[in-house]
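What's in protein00.pdb: PDB, C-alpha atoms and all ligand atoms
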```
ATOM      1  CA  MET A   5      92.712  59.480 122.606
ATOM      2  CA  SER A   6      90.939  62.417 124.243
ATOM      3  CA  VAL A   7      90.920  65.845 122.643
ATOM      4  CA  THR A   8      90.775  69.046 124.676
ATOM      5  CA  VAL A   9      90.445  72.709 123.777
ATOM      6  CA  SER A  10      92.845  75.061 125.613
ATOM      7  CA  PRO A  11      91.469  78.627 125.692
ATOM      8  CA  LEU A  12      93.487  81.169 123.681
ATOM      9  CA  LEU A  13      91.149  84.155 123.246
ATOM     10  CA  ALA A  14      88.302  84.666 125.720
ATOM     11  CA  ALA A  15      84.825  85.708 124.572
ATOM     12  CA  ASP A  16      85.076  89.192 126.128
ATOM     13  CA  VAL A  17      88.478  89.797 124.505
ATOM     14  CA  ILE A  18      87.047  88.839 121.085
ATOM     15  CA  HIS A  19      83.999  91.019 121.671
ATOM     16  CA  ALA A  20      86.067  94.092 122.598
ATOM     17  CA  ARG A  21      88.345  93.691 119.569
ATOM     18  CA  ILE A  22      85.363  93.425 117.228
ATOM     19  CA  GLN A  23      83.869  96.672 118.568
ATOM     20  CA  ALA A  24      87.189  98.387 117.765
ATOM     21  CA  LEU A  25      87.334  96.842 114.277
ATOM     22  CA  ALA A  26      83.786  98.016 113.521
ATOM     23  CA  ALA A  27      84.680 101.572 114.534
ATOM     24  CA  GLU A  28      87.845 101.453 112.396
ATOM     25  CA  ILE A  29      85.955 100.174 109.339
ATOM     26  CA  ARG A  30      83.354 102.925 109.691
ATOM     27  CA  ARG A  31      86.055 105.589 110.219
ATOM     28  CA  ASP A  32      87.638 104.567 106.900
ATOM     29  CA  ASN A  33      84.309 105.028 105.125
ATOM     30  CA  PRO A  34      82.283 107.533 107.161
ATOM     31  CA  ALA A  35      79.324 108.060 104.850
ATOM     32  CA  GLY A  36      79.077 105.159 102.417
ATOM     33  CA  ASP A  37      76.875 102.087 102.444
ATOM     34  CA  LEU A  38      79.025  99.054 103.202
ATOM     35  CA  HIS A  39      78.352  95.615 101.741
ATOM     36  CA  PHE A  40      79.798  92.751 103.802
ATOM     37  CA  ILE A  41      80.418  89.310 102.320
ATOM     38  CA  GLY A  42      80.926  86.579 104.907
ATOM     39  CA  VAL A  43      82.840  83.451 103.959
ATOM     40  CA  LEU A  44      80.830  80.432 105.127
ATOM     41  CA  LYS A  45      80.841  78.840 107.536
ATOM     42  CA  GLY A  46      83.737  79.948 109.723
ATOM     43  CA  SER A  47      83.020  83.675 109.608
ATOM     44  CA  VAL A  48      79.384  83.471 110.728
ATOM     45  CA  PHE A  49      79.888  84.433 114.392
ATOM     46  CA  PHE A  50      82.443  87.131 113.514
ATOM     47  CA  MET A  51      80.150  88.488 110.782
ATOM     48  CA  THR A  52      77.064  88.769 112.989
ATOM     49  CA  ASP A  53      78.941  90.379 115.879
ATOM     50  CA  LEU A  54      80.822  92.754 113.557
ATOM     51  CA  LEU A  55      77.675  93.885 111.755
ATOM     52  CA  ARG A  56      75.774  94.462 114.985
ATOM     53  CA  ALA A  57      78.624  96.770 116.031
ATOM     54  CA  MET A  58      78.549  98.781 112.774
ATOM     55  CA  ALA A  59      77.099 102.267 112.594
ATOM     56  CA  GLY A  60      75.424 103.476 109.390
ATOM     57  CA  THR A  61      73.973 101.506 106.509
ATOM     58  CA  VAL A  62      75.261  97.994 105.960
ATOM     59  CA  THR A  63      74.094  95.045 103.873
ATOM     60  CA  MET A  64      75.239  91.443 103.973
ATOM     61  CA  ASP A  65      75.696  88.455 101.719
ATOM     62  CA  PHE A  66      77.534  85.133 101.975
ATOM     63  CA  ILE A  67      79.859  83.091  99.818
ATOM     64  CA  ALA A  68      81.158  79.557 100.385
ATOM     65  CA  VAL A  69      84.399  77.984  99.257
ATOM     66  CA  SER A  70      85.900  74.603  99.933
ATOM     67  CA  SER A  71      88.203  74.552 102.929
ATOM     68  CA  TYR A  72      90.165  72.112 105.004
ATOM     69  CA  ALA A  73      89.339  68.481 105.553
ATOM     70  CA  GLY A  74      90.716  67.894 109.044
ATOM     71  CA  THR A  75      93.644  70.150 109.904
ATOM     72  CA  LYS A  76      95.604  70.193 106.612
ATOM     73  CA  THR A  77      95.007  72.548 103.719
ATOM     74  CA  THR A  78      94.538  71.061 100.282
ATOM     75  CA  GLY A  79      95.877  74.205  98.629
ATOM     76  CA  GLU A  80      92.986  74.029  96.192
ATOM     77  CA  VAL A  81      90.103  76.491  96.416
ATOM     78  CA  ARG A  82      86.686  75.761  94.945
ATOM     79  CA  LEU A  83      83.570  77.946  94.842
ATOM     80  CA  LEU A  84      80.669  76.132  96.549
ATOM     81  CA  LYS A  85      78.138  78.981  96.812
ATOM     82  CA  ASP A  86      78.310  82.335  95.042
ATOM     83  CA  VAL A  87      76.977  85.643  96.414
ATOM     84  CA  ASP A  88      73.316  86.449  95.739
ATOM     85  CA  ARG A  89      73.748  90.079  94.644
ATOM     86  CA  GLY A  90      76.002  91.915  92.170
ATOM     87  CA  LEU A  91      78.871  94.058  93.484
ATOM     88  CA  GLN A  92      78.981  96.801  90.845
ATOM     89  CA  ASP A  93      79.889 100.173  92.450
ATOM     90  CA  ARG A  94      79.518  98.878  96.010
ATOM     91  CA  HIS A  95      81.973  99.293  98.865
ATOM     92  CA  VAL A  96      82.621  95.620  99.583
ATOM     93  CA  ILE A  97      84.254  94.093 102.644
ATOM     94  CA  ILE A  98      85.119  90.393 102.697
ATOM     95  CA  VAL A  99      84.718  88.926 106.183
ATOM     96  CA  GLU A 100      86.841  85.843 106.841
ATOM     97  CA  ASP A 101      87.557  83.850 109.999
ATOM     98  CA  ILE A 102      91.289  83.289 109.546
ATOM     99  CA  VAL A 103      94.023  83.914 106.985
ATOM    100  CA  ASP A 104      96.552  81.114 107.011
ATOM    101  CA  THR A 105      98.411  80.450 103.720
ATOM    102  CA  GLY A 106      96.371  83.228 102.084
ATOM    103  CA  LEU A 107      95.275  80.995  99.190
ATOM    104  CA  THR A 108      91.566  81.239  99.990
ATOM    105  CA  LEU A 109      91.578  85.019 100.328
ATOM    106  CA  ASN A 110      93.697  85.461  97.242
ATOM    107  CA  TYR A 111      91.143  83.447  95.270
ATOM    108  CA  LEU A 112      88.196  85.357  96.744
ATOM    109  CA  GLN A 113      89.725  88.781  96.177
ATOM    110  CA  GLU A 114      90.414  88.004  92.502
ATOM    111  CA  LEU A 115      86.928  86.562  92.033
ATOM    112  CA  LEU A 116      85.131  89.512  93.646
ATOM    113  CA  ARG A 117      87.372  92.239  92.214
ATOM    114  CA  ALA A 118      86.338  91.091  88.731
ATOM    115  CA  ARG A 119      82.712  91.988  89.624
ATOM    116  CA  GLY A 120      83.484  95.728  89.595
ATOM    117  CA  PRO A 121      83.097  96.877  93.228
ATOM    118  CA  ARG A 122      83.913 100.540  93.954
ATOM    119  CA  SER A 123      86.252  99.329  96.692
ATOM    120  CA  LEU A 124      87.238  95.909  98.005
ATOM    121  CA  ARG A 125      88.654  95.420 101.479
ATOM    122  CA  THR A 126      89.109  92.420 103.738
ATOM    123  CA  ALA A 127      88.540  91.862 107.452
ATOM    124  CA  CYS A 128      89.929  88.731 109.128
ATOM    125  CA  LEU A 129      89.410  87.885 112.760
ATOM    126  CA  LEU A 130      92.650  85.897 112.939
ATOM    127  CA  SER A 131      95.913  85.797 111.026
ATOM    128  CA  LYS A 132      98.796  83.316 111.139
ATOM    129  CA  PRO A 133     101.546  85.390 109.449
ATOM    130  CA  SER A 134     104.185  82.651 109.701
ATOM    131  CA  ARG A 135     102.116  80.367 107.433
ATOM    132  CA  ARG A 136     101.611  82.787 104.539
ATOM    133  CA  LYS A 137     102.298  81.426 101.006
ATOM    134  CA  VAL A 138     100.803  84.315  99.048
ATOM    135  CA  ASN A 139     101.178  87.949  99.983
ATOM    136  CA  VAL A 140      97.492  88.822 100.156
ATOM    137  CA  PRO A 141      96.410  92.245 101.485
ATOM    138  CA  VAL A 142      94.266  92.155 104.651
ATOM    139  CA  ASP A 143      92.991  95.579 105.732
ATOM    140  CA  TYR A 144      91.606  94.661 109.153
ATOM    141  CA  ILE A 145      93.009  91.937 111.414
ATOM    142  CA  GLY A 146      91.551  91.063 114.805
ATOM    143  CA  PHE A 147      94.438  89.058 116.242
ATOM    144  CA  GLU A 148      97.738  87.675 114.980
ATOM    145  CA  ILE A 149      98.358  84.188 116.330
ATOM    146  CA  GLU A 150     101.107  81.577 116.155
ATOM    147  CA  ASP A 151     100.976  78.497 113.975
ATOM    148  CA  ARG A 152      98.462  76.520 116.062
ATOM    149  CA  PHE A 153      95.232  74.906 114.898
ATOM    150  CA  VAL A 154      92.423  76.835 116.552
ATOM    151  CA  VAL A 155      88.715  76.134 116.975
ATOM    152  CA  GLY A 156      85.669  77.927 118.352
ATOM    153  CA  TYR A 157      83.770  81.105 117.548
ATOM    154  CA  GLY A 158      82.905  79.690 114.111
ATOM    155  CA  LEU A 159      86.108  77.735 113.513
ATOM    156  CA  ASP A 160      85.725  73.972 113.339
ATOM    157  CA  TYR A 161      87.530  70.690 113.406
ATOM    158  CA  ASP A 162      85.501  68.321 111.215
ATOM    159  CA  GLU A 163      82.431  70.564 111.763
ATOM    160  CA  ARG A 164      82.716  70.410 115.553
ATOM    161  CA  TYR A 165      83.525  73.176 118.092
ATOM    162  CA  ARG A 166      82.109  76.039 115.984
ATOM    163  CA  HIS A 167      79.645  76.934 118.748
ATOM    164  CA  LEU A 168      82.268  77.664 121.428
ATOM    165  CA  PRO A 169      82.025  81.344 122.458
ATOM    166  CA  TYR A 170      85.820  81.555 122.764
ATOM    167  CA  ILE A 171      88.783  80.543 120.568
ATOM    168  CA  GLY A 172      91.005  77.728 121.727
ATOM    169  CA  VAL A 173      93.815  75.457 120.611
ATOM    170  CA  LEU A 174      92.984  71.835 119.898
ATOM    171  CA  THR A 175      95.329  69.569 121.825
ATOM    172  CA  SER A 176      95.378  65.803 122.138
TER     173      SER A 176
HETATM  174  P1  LIG B 201      94.187  79.643 103.801
HETATM  175  O1  LIG B 201      93.629  79.529 102.423
HETATM  176  O2  LIG B 201      94.542  81.050 104.202
HETATM  177  O3  LIG B 201      95.344  78.695 104.008
HETATM  178  O4  LIG B 201      93.118  79.077 104.779
HETATM  179  C1  LIG B 201      91.971  79.711 105.092
HETATM  180  C2  LIG B 201      90.968  78.736 105.653
HETATM  181  O5  LIG B 201      91.585  77.606 106.284
HETATM  182  C3  LIG B 201      90.154  79.386 106.727
HETATM  183  O6  LIG B 201      89.023  80.022 106.207
HETATM  184  C4  LIG B 201      89.790  78.228 107.626
HETATM  185  O7  LIG B 201      88.623  77.595 107.142
HETATM  186  C5  LIG B 201      90.933  77.262 107.474
HETATM  187  N1  LIG B 201      91.892  77.343 108.592
HETATM  188  C6  LIG B 201      93.147  77.836 108.567
HETATM  189  N2  LIG B 201      93.736  77.751 109.768
HETATM  190  C7  LIG B 201      92.806  77.219 110.587
HETATM  191  C8  LIG B 201      92.795  76.892 111.986
HETATM  192  O8  LIG B 201      93.752  77.088 112.750
HETATM  193  N3  LIG B 201      91.635  76.346 112.473
HETATM  194  C9  LIG B 201      90.545  76.117 111.679
HETATM  195  N4  LIG B 201      89.470  75.589 112.282
HETATM  196  N5  LIG B 201      90.523  76.402 110.366
HETATM  197  C10 LIG B 201      91.642  76.947 109.835
END
```
Let me see whether you can do it: turn the structure in this file into structure tokens.
Amino acid sequence: MSVTVSPLLAADVIHARIQALAAEIRRDNPAGDLHFIGVLKGSVFFMTDLLRAMAGTVTMDFIAVSSYAGTKTTGEVRLLKDVDRGLQDRHVIIVEDIVDTGLTLNYLQELLRARGPRSLRTACLLSKPSRRKVNVPVDYIGFEIEDRFVVGYGLDYDERYRHLPYIGVLTS
């Protein structure tokens, strides 16, 4: 069985949207230092492009949680790697690749809110609204997509395809 990736969002389309998101995030907090927390590993490409588009002072950290094995969610979220720095009084922005059921983000927001940040917001490159199980707030969304399993630009299938510069749908 051969697997192919059908392009959904081209690299230049992703790039342009990220420039707009960076401007929007800075507009909402014109003066403050912003502390970004990327969710490993899927957000890595989004995180680095977003931060390079940000004006003003920004800092970054990473957190890792368990995610899918294959294409199905387990519904169970586990912390694999915590952030390195405390969040007390910081303006924190969680950076995630995709919000699907919302379980992962819901877990992360509760975990990080308990650390006493001055503000806590979330940026997701992709959202699949039709799949939502928990009503989790997402402040910045790059693209809303249909219920398709996507790969590329950080998103994997069994650790493969993350390096693709575009986002595509896995078809067999
Ligand atoms: P949620 O907890 O919202 O159901 O799932 C979030 C996580 O599931 C994402 O961080 C991502 O790792 C994974 N995920 C959800 N949908 C997709 C998809 O279409 N493709 C890939 N590669 N991962 C997905």
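When you apply the PyMOL selection byres (((chain A and resi 92) around 12) and not hetatm) to this structure, what comes back is His39, Arg89, Gly90, Leu91, Asp93, Arg94, His95, Val96, Leu116, Arg117, Ala118, Arg119, Gly120, Pro121, Arg122, Ser123 and Leu124 of chain A.
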Output file for the residues above (C-alpha atoms, as a PDB file, in the coordinates of the input):
```
ATOM      1  CA  HIS A  39      78.352  95.615 101.741  1.00  0.00           C
ATOM      2  CA  ARG A  89      73.748  90.079  94.644  1.00  0.00           C
ATOM      3  CA  GLY A  90      76.002  91.915  92.170  1.00  0.00           C
ATOM      4  CA  LEU A  91      78.871  94.058  93.484  1.00  0.00           C
ATOM      5  CA  ASP A  93      79.889 100.173  92.450  1.00  0.00           C
ATOM      6  CA  ARG A  94      79.518  98.878  96.010  1.00  0.00           C
ATOM      7  CA  HIS A  95      81.973  99.293  98.865  1.00  0.00           C
ATOM      8  CA  VAL A  96      82.621  95.620  99.583  1.00  0.00           C
ATOM      9  CA  LEU A 116      85.131  89.512  93.646  1.00  0.00           C
ATOM     10  CA  ARG A 117      87.372  92.239  92.214  1.00  0.00           C
ATOM     11  CA  ALA A 118      86.338  91.091  88.731  1.00  0.00           C
ATOM     12  CA  ARG A 119      82.712  91.988  89.624  1.00  0.00           C
ATOM     13  CA  GLY A 120      83.484  95.728  89.595  1.00  0.00           C
ATOM     14  CA  PRO A 121      83.097  96.877  93.228  1.00  0.00           C
ATOM     15  CA  ARG A 122      83.913 100.540  93.954  1.00  0.00           C
ATOM     16  CA  SER A 123      86.252  99.329  96.692  1.00  0.00           C
ATOM     17  CA  LEU A 124      87.238  95.909  98.005  1.00  0.00           C
TER      18      LEU A 124
END
```
Practice task
With all atoms listed in the file counted, collect every polymer residue having an atom within 8 Å of ligand LIG 201 (chain B); state the result as a VMD selection string.
Solution key: chain A and resid 43 45 to 47 71 to 72 75 77 79 81 100 to 110 132 135 to 136 151 to 156 158 to 161
Exercise for the section: Could you tell me which residues the PyMOL selection byres (((chain A and resi 49) around 12) and not hetatm) returns for this structure, as JSON, numbers by chain? Expected result: {"A": [15, 18, 19, 22, 42, 43, 44, 45, 46, 47, 48, 50, 51, 52, 53, 54, 55, 56, 99, 100, 101, 129, 156, 157, 158, 159, 166, 167, 168, 169, 170, 171]}
Exercise for the section: Find the distance between atom CA of Lys85 of chain A and atom CA of Ala127 of chain A and write it in Å to one decimal. Expected result: 19.7 Å
Exercise for the section: Could you tell me which residues the PyMOL selection byres (((chain A and resi 29) around 10) and not hetatm) returns for this structure, as an NGL selection string? Expected result: :A and (24-28 or 30-34 or 38 or 54 or 58-59 or 97 or 125 or 127 or 143-144)
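Taking atom CA of Val138 of chain A and atom CA of Asp65 of chain A as endpoints, the distance between them is 25.6 Å.
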Exercise for the section: For atom CA of Ile98 of chain A and atom CA of Ser10 of chain A, quote the distance in Å rounded to one decimal. Expected result: 28.6 Å
Problem - Contact residues around Asp86 of chain A with all atoms listed in the file at 9 Å, ignoring same-chain residues under 5 positions, as number ranges by chain - result: A: 66-69
Exercise for the section: Counting all atoms listed in the file, figure out which residue out of A:Val62, A:Val173, A:Ile149, A:Leu83 gets nearest to Tyr111 of chain A. Expected result: A:Leu83
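Proximity to Val7 of chain A was assessed for A:Arg82, A:Thr63, A:Pro133, A:Tyr165 counting all atoms listed in the file; the smallest distance is recorded for A:Tyr165.
Take the candidates A:Arg164, A:Glu114, A:Phe147, A:Thr126 and check each one against Arg21 of chain A using all atoms listed in the file; the shortest distance goes to A:Phe147.
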As a CSV table (one decimal), in the coordinates of the input, the rebuilt segment 118-137 of chain A with N, CA, C and O atoms:
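Contents of result.csv, freshly written:
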```
chain,number,residue,atom,x,y,z
A,118,ALA,N,86.8,91.2,90.1
A,118,ALA,CA,86.3,91.1,88.7
A,118,ALA,C,84.9,91.5,88.6
A,118,ALA,O,84.4,91.7,87.5
A,119,ARG,N,84.1,91.6,89.7
A,119,ARG,CA,82.7,92.0,89.6
A,119,ARG,C,82.5,93.5,89.7
A,119,ARG,O,81.4,94.0,89.8
A,120,GLY,N,83.6,94.3,89.7
A,120,GLY,CA,83.5,95.7,89.6
A,120,GLY,C,83.0,96.5,90.8
A,120,GLY,O,82.3,97.5,90.7
A,121,PRO,N,83.5,96.1,92.1
A,121,PRO,CA,83.1,96.9,93.2
A,121,PRO,C,83.8,98.2,93.2
A,121,PRO,O,84.9,98.3,92.6
A,122,ARG,N,83.2,99.2,93.9
A,122,ARG,CA,83.9,100.5,94.0
A,122,ARG,C,85.2,100.4,94.8
A,122,ARG,O,86.2,101.0,94.5
A,123,SER,N,85.1,99.6,95.9
A,123,SER,CA,86.3,99.3,96.7
A,123,SER,C,86.1,97.9,97.2
A,123,SER,O,85.0,97.4,97.3
A,124,LEU,N,87.2,97.3,97.5
A,124,LEU,CA,87.2,95.9,98.0
A,124,LEU,C,88.3,95.8,99.1
A,124,LEU,O,89.4,96.0,98.9
A,125,ARG,N,87.8,95.6,100.3
A,125,ARG,CA,88.7,95.4,101.5
A,125,ARG,C,88.4,94.1,102.2
A,125,ARG,O,87.3,93.5,101.9
A,126,THR,N,89.2,93.7,103.1
A,126,THR,CA,89.1,92.4,103.7
A,126,THR,C,89.3,92.6,105.2
A,126,THR,O,90.2,93.2,105.7
A,127,ALA,N,88.4,91.9,106.0
A,127,ALA,CA,88.5,91.9,107.5
A,127,ALA,C,88.7,90.4,107.9
A,127,ALA,O,87.8,89.6,107.5
A,128,CYS,N,89.7,90.1,108.6
A,128,CYS,CA,89.9,88.7,109.1
A,128,CYS,C,90.0,88.8,110.6
A,128,CYS,O,90.8,89.6,111.2
A,129,LEU,N,89.3,87.9,111.3
A,129,LEU,CA,89.4,87.9,112.8
A,129,LEU,C,90.8,87.5,113.2
A,129,LEU,O,91.4,88.0,114.1
A,130,LEU,N,91.3,86.4,112.5
A,130,LEU,CA,92.6,85.9,112.9
A,130,LEU,C,93.6,85.9,111.8
A,130,LEU,O,93.2,85.7,110.6
A,131,SER,N,94.9,86.0,112.1
A,131,SER,CA,95.9,85.8,111.0
A,131,SER,C,97.1,85.0,111.6
A,131,SER,O,97.5,85.2,112.7
A,132,LYS,N,97.6,84.1,110.8
A,132,LYS,CA,98.8,83.3,111.1
A,132,LYS,C,99.9,83.7,110.2
A,132,LYS,O,100.1,83.1,109.1
A,133,PRO,N,100.6,84.8,110.4
A,133,PRO,CA,101.5,85.4,109.4
A,133,PRO,C,102.7,84.4,109.1
A,133,PRO,O,103.1,84.4,107.9
A,134,SER,N,103.1,83.6,110.0
A,134,SER,CA,104.2,82.7,109.7
A,134,SER,C,103.8,81.6,108.7
A,134,SER,O,104.7,80.9,108.1
A,135,ARG,N,102.6,81.4,108.4
A,135,ARG,CA,102.1,80.4,107.4
A,135,ARG,C,101.9,80.9,106.0
A,135,ARG,O,101.5,80.1,105.1
A,136,ARG,N,102.0,82.2,105.8
A,136,ARG,CA,101.6,82.8,104.5
A,136,ARG,C,102.4,82.2,103.3
A,136,ARG,O,103.6,82.1,103.4
A,137,LYS,N,101.7,81.9,102.3
A,137,LYS,CA,102.3,81.4,101.0
A,137,LYS,C,102.1,82.5,99.9
A,137,LYS,O,102.9,82.6,99.0
```
